[in-house]
Every structure is written in C-alpha cells, then in structure tokens.
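To be precise, the following lines are coords-v5.cif, and they hold mmCIF, C-alpha atoms.
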```cif
data_data
#
loop_
_atom_site.label_atom_id
_atom_site.label_comp_id
_atom_site.auth_asym_id
_atom_site.auth_seq_id
_atom_site.Cartn_x
_atom_site.Cartn_y
_atom_site.Cartn_z
CA MET U 421 -18.02 -28.41 -26.78
CA ILE U 422 -18.27 -27.28 -30.39
CA ALA U 423 -15.44 -28.58 -32.48
CA VAL U 424 -13.42 -25.47 -33.24
CA PRO U 425 -9.90 -25.85 -34.57
CA ARG U 426 -8.23 -24.25 -31.59
CA GLU U 427 -4.90 -23.93 -33.31
CA ARG U 428 -6.31 -21.51 -35.83
CA ILE U 429 -4.99 -17.99 -35.43
CA ALA U 430 -8.48 -16.56 -35.91
CA TYR U 431 -9.83 -18.49 -32.94
CA GLN U 432 -6.95 -17.46 -30.72
CA ALA U 433 -7.11 -13.81 -31.70
CA GLY U 434 -10.89 -13.79 -31.39
CA LEU U 435 -10.74 -15.39 -27.96
CA LEU U 436 -8.13 -12.94 -26.73
CA GLY U 437 -10.26 -10.09 -28.03
CA LEU U 438 -13.38 -11.50 -26.42
CA VAL U 439 -11.70 -11.94 -23.03
CA THR U 440 -10.37 -8.38 -23.23
CA LEU U 441 -13.83 -7.11 -24.08
CA VAL U 442 -15.43 -8.97 -21.17
CA VAL U 443 -12.78 -7.83 -18.66
CA VAL U 444 -12.94 -4.22 -19.85
CA SER U 445 -16.73 -4.09 -19.67
CA LEU U 446 -16.67 -5.58 -16.18
CA LEU U 447 -14.18 -2.92 -15.12
CA LEU U 448 -16.25 -0.13 -16.67
CA LEU U 449 -19.35 -1.43 -14.92
CA ALA U 450 -17.53 -1.66 -11.60
CA ASP U 451 -16.15 1.84 -12.07
CA ARG U 452 -19.69 3.15 -12.64
CA LEU U 453 -20.89 1.39 -9.52
CA THR U 454 -18.07 2.44 -7.22
CA ALA U 455 -17.16 5.93 -8.45
CA PRO U 456 -19.79 7.86 -6.41
CA ALA U 457 -18.96 5.94 -3.23
CA ILE U 458 -15.22 6.46 -3.75
CA ALA U 459 -15.67 10.20 -4.37
CA LEU U 460 -17.72 10.44 -1.18
CA ARG U 461 -15.07 8.61 0.87
CA GLN U 462 -12.29 10.77 -0.52
CA ALA U 463 -14.22 13.93 0.31
CA GLU U 464 -14.62 12.59 3.86
CA ASP U 465 -10.87 11.97 4.08
CA LEU U 466 -10.11 15.48 2.88
CA ARG U 467 -12.61 17.01 5.27
CA GLY U 468 -11.05 14.95 8.04
CA SER U 469 -7.56 16.26 7.40
CA LEU U 470 -8.82 19.84 7.00
CA THR U 471 -10.60 19.75 10.35
CA GLN U 472 -7.33 18.60 11.90
CA ILE U 473 -5.53 21.77 10.90
CA ILE U 474 -8.29 24.39 11.10
CA PRO U 475 -9.90 24.76 14.54
CA ALA U 476 -13.66 24.23 14.33
CA GLU U 477 -14.51 27.55 16.02
CA LEU U 478 -12.92 29.48 13.16
CA TYR U 479 -15.52 28.65 10.52
CA ASP U 480 -19.19 27.81 10.13
CA ASN U 481 -19.29 26.74 6.48
CA ASP U 482 -18.54 23.56 4.56
CA LEU U 483 -14.85 23.86 3.69
CA LEU U 484 -15.15 21.63 0.62
CA GLU U 485 -17.92 23.79 -0.84
CA ASN U 486 -15.87 26.99 -0.73
CA ARG U 487 -12.88 26.45 -2.91
CA LEU U 488 -10.68 28.44 -5.22
CA GLU U 489 -8.48 27.18 -8.01
CA LEU U 490 -5.13 28.97 -8.23
CA GLU U 491 -1.76 28.25 -9.71
CA LEU U 492 1.65 27.90 -8.08
CA ASP U 493 4.77 27.34 -10.21
CA GLY U 494 2.60 26.16 -13.06
CA LEU U 495 0.73 23.58 -10.99
CA PRO U 496 -2.91 23.92 -9.93
CA VAL U 497 -3.56 24.42 -6.23
CA THR U 498 -7.00 24.06 -4.70
CA VAL U 499 -7.55 26.41 -1.78
CA TYR U 500 -10.34 25.77 0.71
CA GLN U 501 -11.85 28.77 2.44
CA GLY U 502 -13.17 28.69 5.96
CA ARG U 503 -15.49 31.57 6.75
CA GLN U 504 -17.74 33.01 9.37
CA GLY U 505 -20.66 34.65 7.63
CA ASP U 506 -19.10 36.67 4.82
CA ARG U 507 -15.68 37.00 6.37
CA VAL U 508 -12.92 34.63 5.27
CA THR U 509 -11.27 33.41 8.47
CA ALA U 510 -9.01 30.55 7.43
CA LEU U 511 -7.49 29.02 4.33
CA ALA U 512 -6.09 25.58 3.66
CA TRP U 513 -4.38 23.97 0.71
CA GLN U 514 -2.34 20.98 -0.24
CA LEU U 515 1.23 21.34 -1.43
CA ALA U 516 3.99 18.97 -2.53
CA GLY U 517 7.73 19.23 -2.85
CA PRO U 518 10.72 16.93 -3.26
CA GLY U 519 11.91 15.20 -0.10
CA TYR U 520 14.76 12.75 0.41
CA ALA U 521 12.97 9.98 -1.51
CA GLY U 522 10.07 11.17 -3.63
CA ASP U 523 7.59 13.94 -3.00
CA ILE U 524 6.33 15.01 0.40
CA ASN U 525 2.65 15.92 0.25
CA LEU U 526 1.36 18.14 2.99
CA VAL U 527 -1.74 20.13 3.79
CA MET U 528 -1.37 23.45 5.56
CA GLY U 529 -3.78 26.01 6.96
CA VAL U 530 -3.31 29.71 7.73
CA ASP U 531 -5.48 32.39 9.29
CA ARG U 532 -6.29 35.84 7.82
CA ASP U 533 -2.95 37.24 8.90
CA GLY U 534 -0.91 34.48 7.33
CA ARG U 535 -0.16 32.76 10.66
CA ILE U 536 0.03 29.00 10.38
CA LEU U 537 -2.88 27.15 11.96
CA GLY U 538 -1.42 23.76 11.31
CA VAL U 539 0.60 21.58 8.95
CA ARG U 540 0.15 17.84 8.40
CA VAL U 541 1.95 15.46 6.10
CA VAL U 542 -0.53 13.58 3.92
CA SER U 543 1.88 11.21 2.20
CA HIS U 544 5.62 10.77 1.81
CA SER U 545 8.21 8.09 1.14
CA GLU U 546 10.97 9.14 3.53
CA THR U 547 13.19 6.66 5.35
CA PRO U 548 11.22 4.77 8.01
CA GLY U 549 12.60 5.44 11.47
CA LEU U 550 14.49 8.59 10.40
CA GLY U 551 12.64 10.86 8.01
CA ASP U 552 9.16 9.70 8.92
CA LYS U 553 9.27 11.80 12.08
CA ILE U 554 7.51 14.46 10.02
CA GLU U 555 4.33 12.42 10.58
CA VAL U 556 2.41 13.73 13.55
CA ALA U 557 1.72 10.15 14.63
CA LYS U 558 5.46 9.52 15.12
CA ASP U 559 6.81 12.83 16.37
CA PRO U 560 5.39 16.21 17.44
CA TRP U 561 7.98 18.06 15.31
CA ILE U 562 5.46 19.20 12.69
CA LEU U 563 3.42 20.98 15.39
CA GLY U 564 6.32 23.43 15.70
CA PHE U 565 5.02 25.31 12.65
CA GLN U 566 1.87 26.30 14.50
CA GLY U 567 1.60 30.08 14.99
CA ARG U 568 4.59 30.82 12.76
CA SER U 569 4.39 33.15 9.77
CA LEU U 570 6.67 34.63 7.14
CA GLY U 571 7.86 37.26 9.63
CA ASP U 572 8.25 34.88 12.56
CA PRO U 573 10.96 33.69 12.28
CA PRO U 574 12.28 36.23 9.74
CA PRO U 575 12.55 34.90 6.17
CA GLY U 576 16.29 34.24 6.47
CA GLN U 577 15.68 31.85 9.36
CA TRP U 578 13.05 29.74 7.65
CA ALA U 579 15.48 26.83 7.60
CA VAL U 580 16.72 24.01 9.83
CA LYS U 581 19.26 24.80 12.54
CA LYS U 582 22.07 23.23 10.55
CA ASP U 583 21.49 25.92 7.90
CA ASP U 584 21.40 28.69 10.58
CA GLY U 585 17.61 28.59 10.67
CA SER U 586 15.32 28.16 13.63
CA PHE U 587 13.74 24.73 13.05
CA ASP U 588 15.11 21.52 14.52
CA GLN U 589 16.42 18.79 12.29
CA PHE U 590 16.33 15.10 13.26
CA THR U 591 19.32 13.09 14.37
CA GLY U 592 20.51 11.32 11.25
CA ALA U 593 18.08 13.06 8.91
CA THR U 594 18.52 16.64 7.79
CA ILE U 595 17.23 16.51 4.24
CA THR U 596 13.65 15.58 5.16
CA PRO U 597 13.04 18.41 7.67
CA ARG U 598 14.89 20.83 5.39
CA ALA U 599 12.57 19.90 2.53
CA THR U 600 9.50 20.18 4.75
CA VAL U 601 10.48 23.64 5.97
CA ALA U 602 11.04 24.71 2.35
CA ILE U 603 7.60 23.48 1.28
CA VAL U 604 5.88 25.29 4.16
CA LYS U 605 7.80 28.47 3.38
CA ARG U 606 6.74 28.18 -0.25
CA GLY U 607 3.16 27.83 0.92
CA LEU U 608 3.42 31.03 2.97
CA ARG U 609 4.88 32.91 0.01
CA PHE U 610 1.97 31.64 -2.05
CA PHE U 611 -0.41 33.09 0.52
CA ALA U 612 1.45 36.41 0.57
CA ASN U 613 1.35 36.69 -3.22
CA HIS U 614 -2.35 35.93 -3.55
CA ARG U 615 -3.49 37.33 -0.24
CA GLN U 616 -6.05 39.69 -1.68
CA ARG U 617 -7.72 37.17 -3.89
CA LEU U 618 -7.69 34.46 -1.24
CA LEU U 619 -9.32 36.66 1.40
CA ASP U 620 -11.96 38.09 -0.93
CA PRO U 621 -15.24 36.29 -0.20
CA GLY U 622 -16.54 37.11 -3.69
CA THR U 623 -14.08 35.08 -5.73
CA LEU U 624 -15.48 31.63 -5.20
CA THR U 625 -15.71 28.87 -7.74
CA THR U 626 -18.81 27.54 -6.03
CA PRO U 627 -20.97 30.33 -4.61
CA GLN U 628 -22.19 29.73 -1.10
CA GLU U 629 -25.08 32.22 -1.15
CA ASN U 630 -27.63 29.80 -2.58
CA ALA U 631 -26.82 27.00 -0.18
CA PRO U 632 -29.56 26.23 2.37
CA MET R 280 -9.25 -36.46 0.37
CA ASN R 281 -5.61 -37.36 0.26
CA ARG R 282 -5.09 -34.96 -2.62
CA TYR R 283 -6.52 -32.08 -0.63
CA ARG R 284 -4.34 -32.90 2.34
CA SER R 285 -1.26 -32.83 0.16
CA LEU R 286 -2.39 -29.48 -1.31
CA ILE R 287 -2.52 -28.02 2.19
CA ARG R 288 0.87 -29.48 3.09
CA GLU R 289 2.42 -28.19 -0.13
CA GLY R 290 1.06 -24.68 0.33
CA LEU R 291 1.92 -24.31 3.97
CA TRP R 292 5.31 -25.99 4.13
CA ASP R 293 6.66 -28.35 1.46
CA ASN R 294 6.28 -25.93 -1.43
CA ASN R 295 5.84 -22.66 0.46
CA VAL R 296 5.82 -19.69 -1.89
CA ILE R 297 8.48 -17.78 0.01
CA PHE R 298 10.52 -20.30 1.97
CA VAL R 299 10.76 -22.94 -0.75
CA GLN R 300 9.89 -21.46 -4.13
CA LEU R 301 11.59 -18.17 -3.20
CA LEU R 302 9.07 -16.29 -5.32
CA ALA R 303 7.24 -13.05 -4.56
CA LEU R 304 10.38 -11.39 -3.30
CA CYS R 305 9.37 -7.89 -4.38
CA PRO R 306 6.29 -7.59 -2.16
CA LEU R 307 8.35 -9.34 0.48
CA LEU R 308 11.07 -6.69 0.43
CA ALA R 309 8.69 -3.78 0.14
CA VAL R 310 6.04 -4.65 2.64
CA THR R 311 7.35 -6.75 5.52
CA SER R 312 8.74 -3.93 7.63
CA THR R 313 6.00 -4.69 10.16
CA ALA R 314 3.95 -7.78 10.95
CA THR R 315 0.71 -5.88 10.30
CA ASN R 316 1.76 -4.93 6.78
CA GLY R 317 2.79 -8.52 6.08
CA LEU R 318 -0.58 -9.76 7.27
CA GLY R 319 -2.50 -7.24 5.16
CA MET R 320 -0.55 -8.04 2.02
CA GLY R 321 -0.87 -11.76 2.69
CA LEU R 322 -4.65 -11.65 3.11
CA ALA R 323 -5.19 -9.51 0.01
CA THR R 324 -2.96 -11.82 -2.03
CA THR R 325 -4.77 -14.92 -0.74
CA ALA R 326 -8.13 -13.52 -1.85
CA VAL R 327 -6.76 -12.73 -5.30
CA MET R 328 -5.01 -16.11 -5.66
CA ALA R 329 -8.14 -18.04 -4.72
CA SER R 330 -10.35 -16.13 -7.16
CA THR R 331 -7.90 -16.19 -10.05
CA GLY R 332 -7.33 -19.92 -9.46
CA LEU R 333 -11.06 -20.51 -9.68
CA ALA R 334 -11.52 -18.31 -12.75
CA VAL R 335 -8.60 -19.82 -14.67
CA SER R 336 -9.70 -23.34 -13.82
CA LEU R 337 -13.27 -22.71 -15.00
CA LEU R 338 -12.11 -21.20 -18.29
CA ARG R 339 -9.22 -23.58 -18.94
CA GLN R 340 -11.03 -25.62 -21.59
CA PHE R 341 -11.65 -22.60 -23.79
CA ILE R 342 -8.17 -21.14 -23.63
CA PRO R 343 -5.76 -22.40 -26.28
CA ALA R 344 -2.18 -22.88 -25.15
CA ALA R 345 -0.77 -20.21 -27.45
CA VAL R 346 -2.66 -17.31 -25.87
CA ARG R 347 -3.04 -18.60 -22.32
CA ILE R 348 -0.47 -16.28 -20.70
CA PRO R 349 -2.02 -13.01 -21.95
CA VAL R 350 -5.47 -14.31 -21.00
CA PHE R 351 -4.29 -15.19 -17.48
CA VAL R 352 -2.62 -11.78 -17.10
CA LEU R 353 -5.84 -10.07 -18.20
CA LEU R 354 -7.91 -12.09 -15.75
CA ILE R 355 -5.52 -11.41 -12.88
CA ALA R 356 -5.22 -7.69 -13.59
CA GLY R 357 -8.99 -7.42 -13.99
CA ILE R 358 -9.74 -9.20 -10.71
CA VAL R 359 -7.15 -7.17 -8.80
CA THR R 360 -8.59 -3.91 -10.14
CA LEU R 361 -12.11 -5.02 -9.19
CA VAL R 362 -10.96 -5.86 -5.66
CA ASP R 363 -9.20 -2.49 -5.46
CA MET R 364 -12.30 -0.54 -6.52
CA ALA R 365 -14.65 -2.50 -4.27
CA LEU R 366 -12.41 -2.05 -1.22
CA ASN R 367 -11.99 1.66 -1.93
CA ALA R 368 -15.74 2.16 -2.17
CA TRP R 369 -17.11 -0.04 0.57
CA LEU R 370 -14.25 -0.84 2.96
CA HIS R 371 -12.50 2.48 2.76
CA ASP R 372 -10.61 2.28 6.05
CA LEU R 373 -9.12 -1.05 5.10
CA HIS R 374 -8.28 0.36 1.69
CA LYS R 375 -6.34 3.20 3.28
CA VAL R 376 -4.06 0.64 4.88
CA LEU R 377 -3.91 -1.91 2.08
CA GLY R 378 -4.43 0.44 -0.87
CA LEU R 379 -0.75 0.78 -1.52
CA PHE R 380 -0.24 -2.97 -1.78
CA ILE R 381 -3.19 -3.96 -3.93
CA PRO R 382 -1.84 -2.80 -7.31
CA LEU R 383 1.44 -4.54 -6.37
CA ILE R 384 -0.38 -7.86 -6.28
CA VAL R 385 -0.60 -7.85 -10.08
CA THR R 386 3.17 -7.89 -10.29
CA ASN R 387 3.42 -10.85 -7.95
CA CYS R 388 4.73 -13.68 -10.12
CA VAL R 389 3.28 -16.34 -7.83
CA ILE R 390 -0.24 -15.61 -8.98
CA LEU R 391 0.55 -16.12 -12.64
CA GLY R 392 2.74 -19.05 -11.62
CA ARG R 393 -0.07 -20.87 -9.84
CA ALA R 394 -2.52 -20.09 -12.67
CA GLU R 395 -0.09 -21.56 -15.17
CA SER R 396 1.23 -24.51 -13.23
CA TYR R 397 -1.83 -25.57 -11.27
CA ALA R 398 -5.17 -23.97 -12.07
CA SER R 399 -4.87 -24.43 -15.83
CA ARG R 400 -4.52 -28.21 -15.32
CA ASN R 401 -6.88 -28.94 -12.46
CA GLY R 402 -10.55 -28.74 -11.52
CA PRO R 403 -12.17 -25.66 -9.96
CA LEU R 404 -12.37 -27.03 -6.42
CA SER R 405 -8.73 -28.11 -6.19
CA SER R 406 -7.64 -24.88 -7.87
CA LEU R 407 -9.57 -22.81 -5.36
CA LEU R 408 -8.06 -24.82 -2.50
CA ASP R 409 -4.59 -24.53 -4.02
CA GLY R 410 -5.00 -20.75 -4.20
CA VAL R 411 -6.13 -20.57 -0.58
CA CYS R 412 -3.34 -22.85 0.68
CA MET R 413 -0.60 -21.12 -1.28
CA GLY R 414 -2.03 -17.81 -0.06
CA VAL R 415 -2.09 -18.89 3.57
CA GLY R 416 1.47 -20.21 3.20
CA PHE R 417 2.49 -16.85 1.76
CA THR R 418 0.64 -15.02 4.56
CA TRP R 419 2.29 -16.82 7.45
CA ALA R 420 5.70 -16.39 5.87
CA MET R 421 5.04 -12.65 5.42
CA VAL R 422 3.80 -12.29 9.01
CA LEU R 423 6.77 -14.21 10.42
CA LEU R 424 9.25 -12.16 8.42
CA GLY R 425 7.45 -8.91 9.22
CA ALA R 426 7.29 -9.78 12.92
CA SER R 427 10.97 -10.68 13.19
CA ARG R 428 12.05 -7.53 11.33
CA GLU R 429 9.72 -5.40 13.41
CA VAL R 430 10.81 -6.80 16.79
CA LEU R 431 14.52 -6.55 16.02
CA GLY R 432 14.29 -3.39 13.95
CA SER R 433 12.00 -1.21 16.01
CA GLY R 434 11.14 -3.16 19.17
CA THR R 435 7.40 -3.34 18.54
CA LEU R 436 5.04 -6.05 17.30
CA PHE R 437 1.89 -5.61 15.20
CA ALA R 438 2.14 -1.82 15.29
CA ASN R 439 -0.97 -0.20 13.77
CA ALA R 440 -2.89 -3.50 13.80
CA ARG R 441 -5.91 -1.42 14.81
CA LEU R 442 -5.98 0.26 11.40
CA LEU R 443 -6.08 -3.07 9.61
CA LEU R 444 -8.25 -5.23 11.86
CA GLY R 445 -10.35 -2.73 13.78
CA GLU R 446 -10.27 -1.32 17.32
CA GLY R 447 -10.93 -4.75 18.83
CA PHE R 448 -7.44 -5.84 17.91
CA ALA R 449 -5.62 -3.03 19.70
CA PHE R 450 -4.36 -5.63 22.21
CA LEU R 451 -2.11 -7.07 19.50
CA GLU R 452 -0.02 -3.91 19.44
CA LEU R 453 2.91 -4.56 21.71
CA THR R 454 6.02 -2.63 22.56
CA LEU R 455 8.40 -5.42 23.39
CA ILE R 456 11.53 -3.39 23.95
CA PRO R 457 10.79 0.04 25.45
CA ASP R 458 13.21 2.90 24.64
CA TYR R 459 14.79 0.79 21.94
CA GLY R 460 17.01 2.62 19.50
CA GLY R 461 16.18 0.20 16.71
CA ILE R 462 18.26 -1.36 13.98
CA LEU R 463 17.56 0.69 10.89
CA LEU R 464 19.13 -1.90 8.58
CA LEU R 465 16.40 -4.40 9.38
CA VAL R 466 13.64 -1.91 8.65
CA LEU R 467 15.12 -1.04 5.26
CA PRO R 468 14.71 -3.48 2.32
CA PRO R 469 18.16 -5.14 2.69
CA GLY R 470 17.04 -6.23 6.15
CA ALA R 471 14.37 -8.37 4.51
CA PHE R 472 17.07 -10.28 2.60
CA LEU R 473 19.14 -10.84 5.74
CA MET R 474 16.14 -11.97 7.75
CA LEU R 475 14.91 -14.21 4.93
CA GLY R 476 18.33 -15.88 4.80
CA LEU R 477 18.25 -16.56 8.54
CA LEU R 478 14.72 -17.95 8.36
CA LEU R 479 15.63 -20.20 5.41
CA ALA R 480 18.56 -21.54 7.39
CA ALA R 481 16.25 -22.18 10.35
CA LYS R 482 13.79 -24.08 8.14
CA ARG R 483 16.61 -26.21 6.72
CA PHE R 484 17.83 -26.91 10.22
CA LEU R 485 14.39 -28.05 11.37
CA GLU R 486 14.06 -30.31 8.36
CA SER R 487 17.43 -31.94 8.79
CA GLN R 488 16.69 -32.48 12.49
CA ALA R 489 13.45 -34.21 11.51
CA ARG R 490 15.31 -36.42 9.03
CA ARG R 491 17.88 -37.34 11.65
CA ARG R 492 15.12 -38.43 14.01
CA ARG R 493 13.73 -40.73 11.31
CA GLY R 494 17.16 -42.24 10.90
CA LEU R 495 17.84 -40.65 7.49
CA SER R 496 20.91 -38.76 6.42
CA PRO R 497 20.54 -35.24 7.87
CA GLN R 498 21.30 -33.64 4.53
CA VAL R 499 18.10 -32.67 2.76
CA PRO R 500 18.48 -34.02 -0.77
CA VAL R 501 19.11 -31.32 -3.35
CA SER R 502 16.99 -33.09 -5.96
CA ASP R 503 13.98 -32.82 -3.67
CA CYS R 504 11.35 -31.93 -6.23
CA GLY R 505 9.10 -30.35 -3.63
CA GLY R 506 11.82 -27.77 -3.24
CA CYS R 507 11.65 -26.67 -6.84
CA GLY R 508 9.43 -23.87 -8.05
CA VAL R 509 8.56 -25.56 -11.33
CA SER R 510 8.13 -29.10 -9.97
CA SER R 511 4.49 -29.22 -11.00
CA VAL R 512 5.28 -28.60 -14.66
CA CYS R 513 8.60 -30.42 -14.74
CA HIS R 514 8.81 -33.76 -16.59
CA THR R 515 11.28 -35.31 -14.22
CA ALA R 516 9.04 -34.53 -11.29
CA SER R 517 5.91 -35.98 -12.85
CA GLN R 518 7.69 -39.23 -13.72
CA GLU R 519 8.73 -39.89 -10.17
#
```
The structure given in the file should be rewritten as structure tokens.
Amino acid sequence: MIAVPRERIAYQAGLLGLVTLVVVSLLLLADRLTAPAIALRQAEDLRGSLTQIIPAELYDNDLLENRLELELDGLPVTVYQGRQGDRVTALAWQLAGPGYAGDINLVMGVDRDGRILGVRVVSHSETPGLGDKIEVAKDPWILGFQGRSLGDPPPGQWAVKKDDGSFDQFTGATITPRATVAIVKRGLRFFANHRQRLLDPGTLTTPQENAP
Amino acid sequence: MNRYRSLIREGLWDNNVIFVQLLALCPLLAVTSTATNGLGMGLATTAVMASTGLAVSLLRQFIPAAVRIPVFVLLIAGIVTLVDMALNAWLHDLHKVLGLFIPLIVTNCVILGRAESYASRNGPLSSLLDGVCMGVGFTWAMVLLGASREVLGSGTLFANARLLLGEGFAFLELTLIPDYGGILLLVLPPGAFLMLGLLLAAKRFLESQARRRRGLSPQVPVSDCGGCGVSSVCHTASQE
C-alpha cells in the first residue's frame, strides 16, 4: 500500500467523501435499473386490488389508464374509472383516515348510482387479533359494506351499533370499525360531491380514444 | 478449521445474538408475533450481515480508525437499500412480505456491532462465516420466539408461510389449537419480553444441567466472557 499518513484529517475526510460518493452512485445506478420493474410491479398490485372490488363484467377498459386526479380535504385522490364503451360504469379510489393506531388505508369502489361495489383495507396498523378483523383475510366484516350507499342505511346510521348506527363493531375493539365506517362514509360523500365530474367520460387525464 | 468450528458455535449458541448478547431487541419485539415473520426477518438479516461482514473486512485496511463508524454505517445502509430495491423489483412477492422489515435491518445494532468487533479485525472468509453464523443464530432465536408466541398467543404455527416461502410450503401452516381464544398479551410487544425471559431461563437451566453432568458447579459463572456482548473487543477477554 502507498504510505499515506492515515492520521491526517485530509485523508480521513477524503476517504469518507469517497466512500459516500461510491455508495451514492451505486444506489443511483441501482435505482435506475430497478425503477421500471418496481413501477410495473406496483401497477400490477394496484390492478390486483382494483379487480377485487370491481366485478370484471362491469368494465372492458384498463382501469389504470382511465384516471382522474381530484382533491379531498386538501389531499389528492386518484380515481380510476371503469367503463363499458363510452359509459362510465364503476369508480374506485384509495382513501385513508386515522384508526386506533395510525392511518387505515383502504380502496373502495362504487357503481354509477353510488352503491358500494366493495371495500378492502390496503394497509393498517391496528391491534393484531382485535382491530385487524377489518382485513378480509381475517374476517368477512368488511364485505358488509357491499351494496350500501349514502341512503342505505340513512346518513344518521352510518355508524357502528354502539353509536346507534347499523354496522357491527368487534368484541373488544370499537374504535377500528368506527374509524373504518367513517372513512367509507367520507368516500361516499366525496362521490356525491363530485358525481357529475366523475361520471363524465370526457374528463380524463389520459384519453382512451387513441388506445388500440 | 478449529477457528471456523468455534465461529459456528459462538454464533449459534455460546454468543447468540439474542439469547446471550441480548442485542437486536427492537426487531425482536416488533416482528416475532409469528414464526413466519421471525424467519423472514432472520433470513434477510443473515444476508445483510454476511455481505456487510465481507465488505467491511475487504476494506478494513483502507479505513482509518477515526472515521470507521460512519464508513461502516454508510456501507450497511447502502447494502440494505440495494437489497430492498432488488427484492422489490425482481422478487416482488417476497418483498411484499418482508418489505416492512428490510429498512428496519439498518437500525439493528448487531450488524454494526459485528462489523466493528469482528469484520474490521479479521479476514474476508472468517468475516463472511461470522456473518452467516451470527445470522443463523439470530434466525433460529427469532423463529423459536415467534413460534412460541404464535402457538400460545393465537394457537397457530407458521401462519402465512405460503406468502414467504411459496405454495409448496403450505403444509407448514398448522392450527394447533382450534377455536382458541388466544392470549392477546403474547401477540403484543410486551409478550415478546415475557417469552424472551422464559426462554433465557430455559437456556440457563440447560446449561447448568450440562455443567452438573460434567461434575462442575451448576452455577454458570458470571464472568463467562462468552456471555458478554463486547467480549471480542474487551481486553480482559483477550488476555484469557
């Protein structure tokens, strides 16, 4: 090895800088290499969860291609449109709200009339064994939203039974289902407020007409 | 050869990351609610420990003592991020299960600890082996703890193993106690502390039984350097 006085500050600082440079360039290179593959996988995941909540016979387009950017309480919401020909038949979007421990992220789909096609929890950090019954893998509770709308039950009863509403809570966990019901209700309000824009096939960010 | 055998023994039992050094308690508390999670975290950590051990050992001659810790941290964080990106891109299903744990590996003090106390003083081959052995020791401890919490806490074993290991491993998923109400305490993080205490006591018991059989005093000596997390950098230990 070349005789470099290793105790010199310049050597140490230079070495630290060099190592940082090498590590950062490796990371940048890896990011370049993996970014397209990761984006593809994430799109697959999203498509997978959308097909879970919107029945396949309702649309004949690529859900991810037909999307709208809207705003709800100051946060951006991406809405995916399912359509048959030129008619918008189903809509889906992701929504988050505070649960018992951290945010609950869910994706929900509605039909033209604002009836719920399905709701699924994407991620949450609720208590294992109690609050995690909102996952469809653990409990069928979340399927109870299917077919409901803002008028069914009436707005006052969009709550858990403990709050005189019409949705079940879990034994030992009220806050989680209460929060979930509130998020879904917020989602339905969002649909009601933007109904016209959401159902208009002409307001797309990515036009579908030119697609093969 | 003898040196390698002692590395294996140290990693798996005598100087086990969890049961002896009592390090890595944060991933331990967070992740071991099921055996599958413990296994996933253990395997990911083993891969990172082996590669950081190798990298640190190869670069050790160029790294002056004064800046070694930041350099090690950079190397570890860089390798973990690379592993994270590669898994996300090419082994996406595995990443969905492990993804949550991978960034946590950076905060695992054991990795920096082994880089500092072993890899920065030893050759590449022994450092690689040390990383693997410490990792495997960590993995079996995580799986044991996860399994005992899972069985007592929710009555199942290796739940969701399919997601981690593939469909072929569905046979691992057992429901040991059907219609079991579960013990929530064991599933929550404090349960990990309770279970760890019980397992530590069991390990002590086994060791004192072994000593009794050899005709030694059943009390495991407190000054047992193998039982100390810093024994490899400690002056007293190296003089023995």
Original post:
What does the PyMOL selection byres ((chain U) within 12 of (chain R)) select in this file, as a PyMOL selection string?
Top reply: chain U and resi 421-465+542-543+545-551+557-558+591-592
**OP:** Record the distance separating CA of Gly529 (chain U) and CA of Phe590 (chain U), expressed in Å with one decimal.
**Re:**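 Interatomic distance, CA of Gly529 (chain U) to CA of Phe590 (chain U): 23.7 Å.
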**OP:** Would you kindly return, as number ranges by chain, each protein, DNA or RNA residue with an atom no farther than 12 Å from any atom of Arg507 (chain U), considering all atoms listed in the file and excluding same-chain residues fewer than 5 positions away?
**Re:** U: 478-481, 501-502, 531-532, 618-622
**OP:** Please return, as a list in words, all polymer residues that have at least one atom within 8 Å of the point (6.4, -10.8, -7.3); use all atoms listed in the file and the file's own coordinate frame.
**Re:**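 These residues have at least one counted atom within 8 Å: Leu302, Ala303, Leu304, Cys305, Pro306, Ile384, Thr386, Asn387, Cys388 and Val389 of chain R.
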**OP:** With the file shown as input, list the residues that the PyMOL selection byres ((chain R and resi 392) around 12) selects, as a VMD selection string.
**Re:** chain R and resid 296 300 302 to 303 328 331 to 332 335 348 351 to 352 355 385 to 391 393 to 399 409 to 410 413 508 to 512
For the residues in the current selection, export C-alpha atoms as a PDB file, keeping the file's coordinate frame.
```pdb
ATOM      1  CA  VAL R 296       5.820 -19.690  -1.890  1.00  0.00           C
ATOM      2  CA  GLN R 300       9.890 -21.460  -4.130  1.00  0.00           C
ATOM      3  CA  LEU R 302       9.070 -16.290  -5.320  1.00  0.00           C
ATOM      4  CA  ALA R 303       7.240 -13.050  -4.560  1.00  0.00           C
ATOM      5  CA  MET R 328      -5.010 -16.110  -5.660  1.00  0.00           C
ATOM      6  CA  THR R 331      -7.900 -16.190 -10.050  1.00  0.00           C
ATOM      7  CA  GLY R 332      -7.330 -19.920  -9.460  1.00  0.00           C
ATOM      8  CA  VAL R 335      -8.600 -19.820 -14.670  1.00  0.00           C
ATOM      9  CA  ILE R 348      -0.470 -16.280 -20.700  1.00  0.00           C
ATOM     10  CA  PHE R 351      -4.290 -15.190 -17.480  1.00  0.00           C
ATOM     11  CA  VAL R 352      -2.620 -11.780 -17.100  1.00  0.00           C
ATOM     12  CA  ILE R 355      -5.520 -11.410 -12.880  1.00  0.00           C
ATOM     13  CA  VAL R 385      -0.600  -7.850 -10.080  1.00  0.00           C
ATOM     14  CA  THR R 386       3.170  -7.890 -10.290  1.00  0.00           C
ATOM     15  CA  ASN R 387       3.420 -10.850  -7.950  1.00  0.00           C
ATOM     16  CA  CYS R 388       4.730 -13.680 -10.120  1.00  0.00           C
ATOM     17  CA  VAL R 389       3.280 -16.340  -7.830  1.00  0.00           C
ATOM     18  CA  ILE R 390      -0.240 -15.610  -8.980  1.00  0.00           C
ATOM     19  CA  LEU R 391       0.550 -16.120 -12.640  1.00  0.00           C
ATOM     20  CA  ARG R 393      -0.070 -20.870  -9.840  1.00  0.00           C
ATOM     21  CA  ALA R 394      -2.520 -20.090 -12.670  1.00  0.00           C
ATOM     22  CA  GLU R 395      -0.090 -21.560 -15.170  1.00  0.00           C
ATOM     23  CA  SER R 396       1.230 -24.510 -13.230  1.00  0.00           C
ATOM     24  CA  TYR R 397      -1.830 -25.570 -11.270  1.00  0.00           C
ATOM     25  CA  ALA R 398      -5.170 -23.970 -12.070  1.00  0.00           C
ATOM     26  CA  SER R 399      -4.870 -24.430 -15.830  1.00  0.00           C
ATOM     27  CA  ASP R 409      -4.590 -24.530  -4.020  1.00  0.00           C
ATOM     28  CA  GLY R 410      -5.000 -20.750  -4.200  1.00  0.00           C
ATOM     29  CA  MET R 413      -0.600 -21.120  -1.280  1.00  0.00           C
ATOM     30  CA  GLY R 508       9.430 -23.870  -8.050  1.00  0.00           C
ATOM     31  CA  VAL R 509       8.560 -25.560 -11.330  1.00  0.00           C
ATOM     32  CA  SER R 510       8.130 -29.100  -9.970  1.00  0.00           C
ATOM     33  CA  SER R 511       4.490 -29.220 -11.000  1.00  0.00           C
ATOM     34  CA  VAL R 512       5.280 -28.600 -14.660  1.00  0.00           C
TER      35      VAL R 512
END
```
Original post:
Can you list, as an MDAnalysis selection string, the residues that the PyMOL selection byres ((chain U and resi 540) around 8) selects here?
Top reply: chainID U and resid 469 473 526:528 538:539 541:542 555:556 562
